[in-house]
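First up is the structure itself, then whatever we jot down about it.
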Amino acid sequence: MNYVQVRVARPTNNLQEIIRFYGRGLGLKQIAQFQDHEGFDGVMFGIPDASYHLEFTQHIDGSPCPAPTKDNLLVFYIPSKGEIQRLHSHLTTMGYKAVEPENPYWNESGVTIEDPDGWRIVLMCTKGI
């Protein structure tokens, strides 16, 4: 198979707060945004030079999407514990505090935080991978 791109898409009812969290909070690059495409607004974030994207959409009539279990995670591998601490501090300042992960493994070299919809992300150090 010759895949050229992977995009994870998820609905939200908090599009502006999601943009703030993933853009300003995590520092992901916004690669596209659209308004009123058949009733949907959306934004896509990516990592520079990578073919992996996150897409968040919100329908004009609402886009409820209950959070999954506490062990459904989006993990960001980061090479520096200092960078993880900086991001964690920045997100805390923005009002997003760490939560206890369901699986204690994620505490070994990372920190778990809930996004505005209650979905969990992990900032995980790449040492030992």
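The chains in the structure tokens are called A, B, ... from first to last as shown; in each chain the residues are counted from 1, and the ligands are counted from 1 in the order shown.
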
Quick one: contact table of stretch 60-105 of chain A to stretch 3-19 of chain A, 6 Å max, nearest atom pair and distance in Å to one decimal per residue, counting only C-alpha atoms, chain and number order, as a Markdown table?
| residue | atom | partner | partner_atom | distance |
| --- | --- | --- | --- | --- |
| A:Gly62 | CA | A:Asn13 | CA | 6.0 |
| A:Ser63 | CA | A:Asn13 | CA | 5.2 |
| A:Pro64 | CA | A:Asn13 | CA | 5.9 |

Just list as a ChimeraX atom specification whatever in chain A DSSP marks as helix (DSSP H, G or I).
/A:15-25,81-93,105-108

I need the chosen residues saved as a short mmCIF file (atom, residue, chain, number, x, y, z; two decimals), in the first residue's frame, with C-alpha atoms.
data_model
loop_
_atom_site.label_atom_id
_atom_site.label_comp_id
_atom_site.auth_asym_id
_atom_site.auth_seq_id
_atom_site.Cartn_x
_atom_site.Cartn_y
_atom_site.Cartn_z
CA LEU A 15 -14.50 24.73 17.81
CA GLN A 16 -13.03 28.06 18.95
CA GLU A 17 -11.78 26.58 22.23
CA ILE A 18 -10.36 23.56 20.35
CA ILE A 19 -8.51 25.98 18.03
CA ARG A 20 -7.14 27.78 21.09
CA PHE A 21 -6.05 24.51 22.78
CA TYR A 22 -4.36 22.79 19.83
CA GLY A 23 -3.06 25.95 18.17
CA ARG A 24 -2.09 28.40 20.89
CA GLY A 25 -1.79 25.80 23.65
CA LYS A 81 11.44 16.70 29.19
CA GLY A 82 12.09 20.44 29.40
CA GLU A 83 9.81 21.04 26.42
CA ILE A 84 7.13 18.87 28.01
CA GLN A 85 7.40 20.89 31.23
CA ARG A 86 7.19 24.15 29.25
CA LEU A 87 4.07 22.99 27.36
CA HIS A 88 2.50 21.67 30.56
CA SER A 89 3.10 24.99 32.32
CA HIS A 90 1.74 26.93 29.34
CA LEU A 91 -1.43 24.79 29.19
CA THR A 92 -1.88 25.13 32.97
CA THR A 93 -1.69 28.91 32.61
CA TYR A 105 2.55 4.02 32.27
CA TRP A 106 1.82 7.52 30.94
CA ASN A 107 3.09 9.06 34.20
CA GLU A 108 6.56 7.54 33.76
#

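Closest approach to A:Val43 among A:Phe76, A:Tyr96, A:Trp119, A:Phe56: A:Phe56, based on only C-alpha atoms.
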
Nearby residues (only C-alpha atoms) at most 10 Å from A:Thr112, same-chain spacing under 5 positions excluded, as a PyMOL selection string
chain A and resi 73-75+88+97-102+106-107+120-124

I need the residues of stretch 18-92 of chain A that end up classed as strand (DSSP E or B) by DSSP on the backbone, written out as a ChimeraX atom specification.
/A:29-37,40-46,52-59,73-78

Close residues, A:Phe40 itself excluded, 7 Å, only C-alpha atoms, min 2 positions apart in chain, as a PyMOL selection string:
chain A and resi 35-38+42+57-60

Separation of atom CA of A:Asn72 and atom CA of A:Ile47, in Å?
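Atom-to-atom, atom CA of A:Asn72 to atom CA of A:Ile47, that is 20.7 Å.
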
Here is a test: counting only C-alpha atoms, which residue of A:Ile31, A:Asn103, A:Met1, A:Ile113 is nearest to A:Tyr52?
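Of all the options, A:Ile31 lies closest to A:Tyr52.
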
In terms of the shortest atom-to-atom distance over only C-alpha atoms, which of A:Glu55, A:Cys125, A:Asp115, A:Pro104 is closest to A:Phe34?
A:Glu55
